[in-house]
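Report on the following structure.
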Amino acid sequence: MKFPQKNPVIGIIGGRGMLGRIFREAFETAGYEVLISGRKPDGRKVLANKDLVKKADVVIVSVFLKDAQRIIGEIAPLLNSRQLFLDFTSLKSESVAAMLKSKAEVVGLHPMFGEVESLVGHNIFVCPIRAKKWWTWLRMTLIGFGLEIHKISPKKHDELAAIHQSLPHLFSIAFAVLLKKRGIDPAELFQISSPSTQLELLTTARLLSQNAEMYADIQLLNPGSVKVAVDFAKIFGDLTTAVANCDRQYLLKVLNSANRYFGAWCDFALVKTNKLFKEINRKKIITELVPKKSAVKKSVAILGPATQTELAATGFLQRKKLKLPFQNCTTNAEVFTAVSSGKALFGIVPLENLSIGPVRETMRNLFDAGGKIKIVAEIDRAISHALLGRKKIAAKKVNQIFAHPQAIAQSQKFLLKNFPQAEIVETSNSGVAVEFACQESDSLAIAPAIVAANSGLQVLAREIEDDLNNRTRFVVIARRIPPNVATKTARRTAIAFYFAENKAGQLARSLQIFAKNKINLSRIESIPTEKKRGEFFFFVECEINSTDPRFRNAKKELREIANVVSFGNF
């Protein structure tokens with residue numbers, strides 16, 4: 001990209017909240033540097049809002065609705081015309097108006113989801129009020145996350161929000177209050193209810209499990225919510241009167257009139273809910289509420305499809321004579337979530353590329369798992385990239401090339417030589433790159449050549465990587481060692497260690513411990529844990545099995561000066 005710059009710094013005000021954390025992980029997984037402001041759980045400040053604005057190219061406000069106007073007002077004067085100003089508030093008119101007082105480009109965003117394992121397939125409202133040079137980058141980034149974009153004006157957004165958000169929430173709150181008043185146990189009611197009532201109970205409980213202030217503000221701060229609530233109360237009052245008076249004729253009239261208005265959509269809804277209700281049965285839900293320790297799905301979580309990880313996983317399963325389905329994930333973090341939640345038996349992720357170095361996302365996700373997820377095996381694979389497109393096209397007519405950041409880094413010389421004018425667009429994986437390239441005749445993708453046959457694309461160039469000896473080490477991760485998966489004669493152990501506070505000579509002392517116990521370190525990486533100076537951990541690979549007395553002794557000594565997290569043998 002010419003402007004905005006290729007790798008903008010993302011700043012999230014409120015980055016420790018639910019949405020802030022979800023998008024922080026998504027941006028970091030995509031390779032962006034992310035700064036956050038707010039407070040740590042202990043109350044200590046991370047970064048002041050004004051300092052974040054100075055350092056970030058893209059500034060996102062992700063705070064409670066009641067605080068949004070104040071914070072936007074405070075930072076708007078600090079932004080310049082080369083920055084992008086975004087917000088995640090659930091009401092758009094007032095927040096966008098306040099953001100427009102800045103000099104930055106302005107886009108209002110409203111993610112239509114809460115706590116989710118993956119962004120793929122979820123809706124996000126987008127109000128591109130003053131979006132010029134940043135618009136292509138933002139749109140492609142959101143699509144790369146797997147989000148479904150819906151462009152809308154702030155006014156129309158708030159009008160619809162009163163219907164699709166405020167009113168259903170109000171109904172769920174009333175439903176919960178009625179159950180409490182009658183003393184009805186929702187879990188017991190669920191077991192004897194029809195699927196439609198079960199769905200309503202689940203929806204109500206989901207709302208109640210989240211932040212009460214947020215749902216109160218959605219009702220009180222949207223002017224349209226009052227009118228919708230009053231209209232609904234009038235309609236509900238008329239229906240209540242009809243029920244009290246046994247007025248069958250009135251009820252039939254209302255039902256038939258509503259049926260005619262919905263029309264064919266009723267048939268569509270019947271089909272969709274029948275499929276949905278198959279998933280909502282008492283046995284399945286009860287199992288999910290009280291999961292058994294052994295209830296792990298026999299699938300393999302990978303970065304796929306159409307990725308180098310899928311190819312590595314396929315070869316690994318063949319060698320191990322295992323027949324397991326793949327669980328396709330968009331990001332590295334999603335693979336770890338699938339494994340940690342028990343939705344996958346194990347996962348496969350890249351750890352290191354011999355050309356461009358370590359995959360820090362994998363190391364950071366292992367560290368964040370706190371030792372609960374282990375490396376149980378490794379896969380070494382030669383990596384070859386191909387250029388794919390819908391048809392052959394002159395290089396100067398190529399508008400965009402989609403690729404994973406690592407594929408871009410490994411093919412830089414080829415791209416600079418042959419496509420200096422093309423916009424290089426980063427995607428979360430090569431499968432997403434292929435999807436984008438399928439949509440535009442003047443766009444190409446970097447992906448394994450083997451995926452072309454199933455994608456409808458042609459292989460335009462093979463072996464475009466700068467280093468023909470390009471190789472990547474993948475690791476197999478799991479909560480528990482699956483049968484027939486782990487390396488039988490593990491010769492390597494991975495750990496991480498970090499210091500409670502930085503002092504001169506600590507790292508040197510740590511390395512002396514390994515040397516004294518005659519343990520060779522094949523890798524040591526310093527990985528930041530926060531976008532704050534001094535907060536990092538060391539990822540270490542030792543050429544020794546963790547059962548060796550020398551390693552046990554070294555680990556014991558190391559724990560006297562540092563915190564240690566073990567990642568297993570492989």
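Each chain of the structure tokens is named A, B, ... in the order shown, its residues numbered from 1; ligands are numbered from 1 in display order.
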
Can you tell me which residues surround Ile22 (chain A) at a distance of at most 9 Å, considering only C-alpha atoms, apart from same-chain residues fewer than 3 positions away, and format the answer as a count of residues only?
12

Could you go through region 294-542 of chain A and tell me which residues DSSP, when run on the backbone, assigns to strand (DSSP E or B), listing them as a PyMOL selection string?
chain A and resi 300-303+326-329+346-353+357-358+374-382+386-389+400-403+423-426+443-447+458-461+471-478+493-498+521-528+536-542

Export C-alpha atoms of the chosen residues as a PDB file, in the first residue's frame?
ATOM      1  CA  VAL A 300      -7.584 -31.631  13.952  1.00  0.00           C
ATOM      2  CA  ALA A 301      -7.592 -27.819  14.130  1.00  0.00           C
ATOM      3  CA  ILE A 302      -5.553 -26.220  11.345  1.00  0.00           C
ATOM      4  CA  LEU A 303      -5.054 -22.921   9.557  1.00  0.00           C
ATOM      5  CA  PHE A 326      -9.935 -31.082   9.786  1.00  0.00           C
ATOM      6  CA  GLN A 327     -11.452 -28.237  11.782  1.00  0.00           C
ATOM      7  CA  ASN A 328     -10.617 -25.187   9.691  1.00  0.00           C
ATOM      8  CA  CYS A 329      -9.633 -22.050  11.609  1.00  0.00           C
ATOM      9  CA  PHE A 346      -5.096 -31.547  18.646  1.00  0.00           C
ATOM     10  CA  GLY A 347      -3.960 -28.669  16.453  1.00  0.00           C
ATOM     11  CA  ILE A 348      -1.139 -27.954  14.025  1.00  0.00           C
ATOM     12  CA  VAL A 349       0.484 -24.511  13.772  1.00  0.00           C
ATOM     13  CA  PRO A 350       3.733 -23.108  12.331  1.00  0.00           C
ATOM     14  CA  LEU A 351       6.551 -22.431  14.780  1.00  0.00           C
ATOM     15  CA  GLU A 352       9.459 -21.299  12.627  1.00  0.00           C
ATOM     16  CA  ASN A 353      10.327 -20.557   9.015  1.00  0.00           C
ATOM     17  CA  GLY A 357      12.426 -16.678  11.460  1.00  0.00           C
ATOM     18  CA  PRO A 358      10.038 -17.583  14.304  1.00  0.00           C
ATOM     19  CA  LYS A 374       1.764 -28.718  25.101  1.00  0.00           C
ATOM     20  CA  ILE A 375       3.857 -29.352  22.001  1.00  0.00           C
ATOM     21  CA  VAL A 376       3.711 -33.111  21.399  1.00  0.00           C
ATOM     22  CA  ALA A 377       5.369 -33.444  17.979  1.00  0.00           C
ATOM     23  CA  GLU A 378       6.906 -31.409  15.170  1.00  0.00           C
ATOM     24  CA  ILE A 379       6.652 -31.473  11.381  1.00  0.00           C
ATOM     25  CA  ASP A 380       9.400 -30.197   9.111  1.00  0.00           C
ATOM     26  CA  ARG A 381       8.154 -29.347   5.640  1.00  0.00           C
ATOM     27  CA  ALA A 382       9.557 -27.786   2.467  1.00  0.00           C
ATOM     28  CA  ALA A 386       2.641 -20.308  -6.299  1.00  0.00           C
ATOM     29  CA  LEU A 387       0.919 -17.340  -7.897  1.00  0.00           C
ATOM     30  CA  LEU A 388      -2.748 -18.084  -8.653  1.00  0.00           C
ATOM     31  CA  GLY A 389      -5.304 -16.151 -10.684  1.00  0.00           C
ATOM     32  CA  GLN A 400      -4.043  -6.498  -5.979  1.00  0.00           C
ATOM     33  CA  ILE A 401      -2.211  -9.586  -4.748  1.00  0.00           C
ATOM     34  CA  PHE A 402      -3.643 -11.293  -1.675  1.00  0.00           C
ATOM     35  CA  ALA A 403      -1.412 -13.381   0.598  1.00  0.00           C
ATOM     36  CA  GLU A 423      -1.175  -3.470  -3.961  1.00  0.00           C
ATOM     37  CA  ILE A 424      -0.069  -6.302  -1.677  1.00  0.00           C
ATOM     38  CA  VAL A 425      -2.961  -7.105   0.669  1.00  0.00           C
ATOM     39  CA  GLU A 426      -2.318  -9.241   3.752  1.00  0.00           C
ATOM     40  CA  SER A 443      -6.439  -9.844  -8.481  1.00  0.00           C
ATOM     41  CA  LEU A 444      -4.056 -12.692  -7.724  1.00  0.00           C
ATOM     42  CA  ALA A 445      -3.267 -14.854  -4.695  1.00  0.00           C
ATOM     43  CA  ILE A 446      -0.180 -16.518  -3.267  1.00  0.00           C
ATOM     44  CA  ALA A 447      -0.981 -20.059  -2.146  1.00  0.00           C
ATOM     45  CA  GLN A 458      -4.939 -21.163 -12.600  1.00  0.00           C
ATOM     46  CA  VAL A 459      -1.319 -21.566 -11.571  1.00  0.00           C
ATOM     47  CA  LEU A 460       0.383 -18.547 -13.160  1.00  0.00           C
ATOM     48  CA  ALA A 461       3.826 -19.085 -11.627  1.00  0.00           C
ATOM     49  CA  ARG A 471      11.252 -24.797   5.005  1.00  0.00           C
ATOM     50  CA  THR A 472       8.852 -24.388   7.916  1.00  0.00           C
ATOM     51  CA  ARG A 473       8.701 -26.241  11.213  1.00  0.00           C
ATOM     52  CA  PHE A 474       5.153 -26.934  12.344  1.00  0.00           C
ATOM     53  CA  VAL A 475       4.252 -28.193  15.811  1.00  0.00           C
ATOM     54  CA  VAL A 476       1.420 -30.416  16.982  1.00  0.00           C
ATOM     55  CA  ILE A 477      -0.275 -28.973  20.071  1.00  0.00           C
ATOM     56  CA  ALA A 478      -2.666 -30.698  22.490  1.00  0.00           C
ATOM     57  CA  THR A 493      11.964 -29.668  25.262  1.00  0.00           C
ATOM     58  CA  ALA A 494      10.379 -26.218  25.026  1.00  0.00           C
ATOM     59  CA  ILE A 495       9.901 -23.858  27.939  1.00  0.00           C
ATOM     60  CA  ALA A 496       9.364 -20.163  28.575  1.00  0.00           C
ATOM     61  CA  PHE A 497      10.708 -18.136  31.458  1.00  0.00           C
ATOM     62  CA  TYR A 498      10.235 -14.548  32.559  1.00  0.00           C
ATOM     63  CA  LEU A 521      19.867 -24.363  23.621  1.00  0.00           C
ATOM     64  CA  SER A 522      18.850 -24.630  19.967  1.00  0.00           C
ATOM     65  CA  ARG A 523      16.648 -21.524  20.176  1.00  0.00           C
ATOM     66  CA  ILE A 524      16.041 -18.575  22.489  1.00  0.00           C
ATOM     67  CA  GLU A 525      13.616 -15.819  21.516  1.00  0.00           C
ATOM     68  CA  SER A 526      12.578 -12.684  23.382  1.00  0.00           C
ATOM     69  CA  ILE A 527       8.809 -12.258  22.896  1.00  0.00           C
ATOM     70  CA  PRO A 528       6.849  -9.172  24.073  1.00  0.00           C
ATOM     71  CA  PHE A 536       8.486  -9.950  27.660  1.00  0.00           C
ATOM     72  CA  PHE A 537       9.291 -13.627  28.076  1.00  0.00           C
ATOM     73  CA  PHE A 538      12.016 -15.894  26.683  1.00  0.00           C
ATOM     74  CA  PHE A 539      10.944 -18.844  24.523  1.00  0.00           C
ATOM     75  CA  VAL A 540      13.609 -21.557  24.732  1.00  0.00           C
ATOM     76  CA  GLU A 541      14.142 -24.890  22.978  1.00  0.00           C
ATOM     77  CA  CYS A 542      16.493 -27.278  24.774  1.00  0.00           C
TER      78      CYS A 542
END

Extract the full set of alpha helix (DSSP H) residues from region 500-549 of chain A according to DSSP on the backbone, and format it as a PyMOL selection string.
chain A and resi 506-516+549

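Taking CA of Phe551 (chain A) as the reference point, CA of Ser510 (chain A) is found at 13.0 Å.
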
Selection near Lys556 (chain A), 12 Å with only C-alpha atoms, sequence-local residues under 5 positions removed, as a PyMOL selection string:
chain A and resi 510+513-514+517+546+549-551+561-564

Any chance you could export the current selection's N, CA and C atoms as a compact mmCIF listing (two decimals), in the first residue's frame?
# COMPACT_ATOMS: atom_id res chain seq x y z
N SER A 510 20.60 -16.91 33.92
CA SER A 510 19.74 -17.99 33.39
C SER A 510 20.52 -18.86 32.41
N ILE A 513 22.94 -21.25 33.98
CA ILE A 513 22.32 -22.45 34.56
C ILE A 513 22.27 -23.56 33.52
N PHE A 514 21.86 -23.22 32.28
CA PHE A 514 21.82 -24.23 31.23
C PHE A 514 23.23 -24.73 30.91
N ASN A 517 24.65 -27.16 33.46
CA ASN A 517 24.05 -28.49 33.39
C ASN A 517 24.24 -29.16 32.03
N SER A 546 12.79 -33.70 28.84
CA SER A 546 12.49 -33.10 30.15
C SER A 546 12.62 -34.09 31.30
N PRO A 549 17.69 -36.00 34.22
CA PRO A 549 18.02 -35.36 35.51
C PRO A 549 18.68 -34.00 35.37
N ARG A 550 19.48 -33.82 34.29
CA ARG A 550 20.14 -32.53 34.08
C ARG A 550 19.12 -31.42 33.85
N PHE A 551 18.07 -31.75 33.07
CA PHE A 551 17.05 -30.73 32.79
C PHE A 551 16.25 -30.43 34.05
N ILE A 561 15.09 -17.88 40.20
CA ILE A 561 15.25 -16.49 39.76
C ILE A 561 14.20 -16.06 38.74
N ALA A 562 13.37 -17.03 38.24
CA ALA A 562 12.41 -16.69 37.18
C ALA A 562 11.17 -17.57 37.29
N ASN A 563 10.11 -17.12 36.64
CA ASN A 563 8.90 -17.93 36.49
C ASN A 563 9.07 -18.80 35.25
N VAL A 564 8.72 -20.07 35.34
CA VAL A 564 8.96 -21.02 34.25
C VAL A 564 7.65 -21.66 33.82

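The smallest atom-to-atom distance between Leu65 (chain A) and any of A:Ile383, A:Val335, A:Ala504, A:Ala216, using only C-alpha atoms, is found for A:Ala216.
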
Got a sec: who's within 9 Å of Leu100 (chain A), counting only C-alpha atoms, leaving out chain neighbours fewer than 4 positions off, as a ChimeraX atom specification?
/A:76,85,95-96,104-106,129-130

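Using only C-alpha atoms, the shortest contact distance between Ile481 (chain A) and any of A:Phe336, A:Glu557, A:Asn569, A:Thr427 is found at A:Asn569.
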
Can you tell me, as a PDB file with N, CA and C atoms, in the first residue's frame, what residues are no more than 6 Å from region 304-313 of chain A when counting only C-alpha atoms, ignoring any on the same chain fewer than 3 positions away?
ATOM      1  N   PHE A 316       1.275 -35.419   7.839  1.00  0.00           N
ATOM      2  CA  PHE A 316       1.476 -35.932   9.192  1.00  0.00           C
ATOM      3  C   PHE A 316       0.477 -37.045   9.501  1.00  0.00           C
ATOM      4  N   ASN A 328     -11.289 -26.334  10.290  1.00  0.00           N
ATOM      5  CA  ASN A 328     -10.617 -25.187   9.691  1.00  0.00           C
ATOM      6  C   ASN A 328     -10.770 -23.930  10.541  1.00  0.00           C
ATOM      7  N   SER A 430      -3.743 -18.288   3.515  1.00  0.00           N
ATOM      8  CA  SER A 430      -3.763 -18.373   2.054  1.00  0.00           C
ATOM      9  C   SER A 430      -5.128 -18.796   1.518  1.00  0.00           C
ATOM     10  N   GLY A 431      -5.920 -19.502   2.341  1.00  0.00           N
ATOM     11  CA  GLY A 431      -7.265 -19.861   1.914  1.00  0.00           C
ATOM     12  C   GLY A 431      -8.128 -18.630   1.678  1.00  0.00           C
ATOM     13  N   VAL A 451      -3.704 -26.225  -4.509  1.00  0.00           N
ATOM     14  CA  VAL A 451      -5.079 -25.812  -4.217  1.00  0.00           C
ATOM     15  C   VAL A 451      -5.774 -25.229  -5.442  1.00  0.00           C
TER      16      VAL A 451
END

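The residue that comes closest to Asp51 (chain A), out of A:Ala68, A:Ile75, A:Leu170, A:Leu366 and on the basis of only C-alpha atoms, is A:Ile75.
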
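Within 12 Å of Lys50 (chain A), once only C-alpha atoms are used and residues closer than 5 positions along the same chain are dropped, the contacting residues are Gly11, Ile12, Ile13, Ile36, Ser37, Gly38, Lys55, Ala56, Val59, Ile71, Ile72, Gly73, Glu74, Ile75, Ala76, Pro77, Leu78 and Leu79 of chain A.
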
Env of region 139-147 of chain A: 6 Å cut, atoms = only C-alpha atoms, seq-sep filter 5 positions within chain, self excluded. Answer as number ranges by chain.
A: 119-123, 427-428

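Pairwise distance (CA of Cys266 (chain A), CA of Lys253 (chain A)) equals 17.1 Å.
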
Pick the closest to Val432 (chain A) from A:Gln412, A:Ser102, A:Thr197, A:Thr331: which is it, counting only C-alpha atoms?
A:Thr331
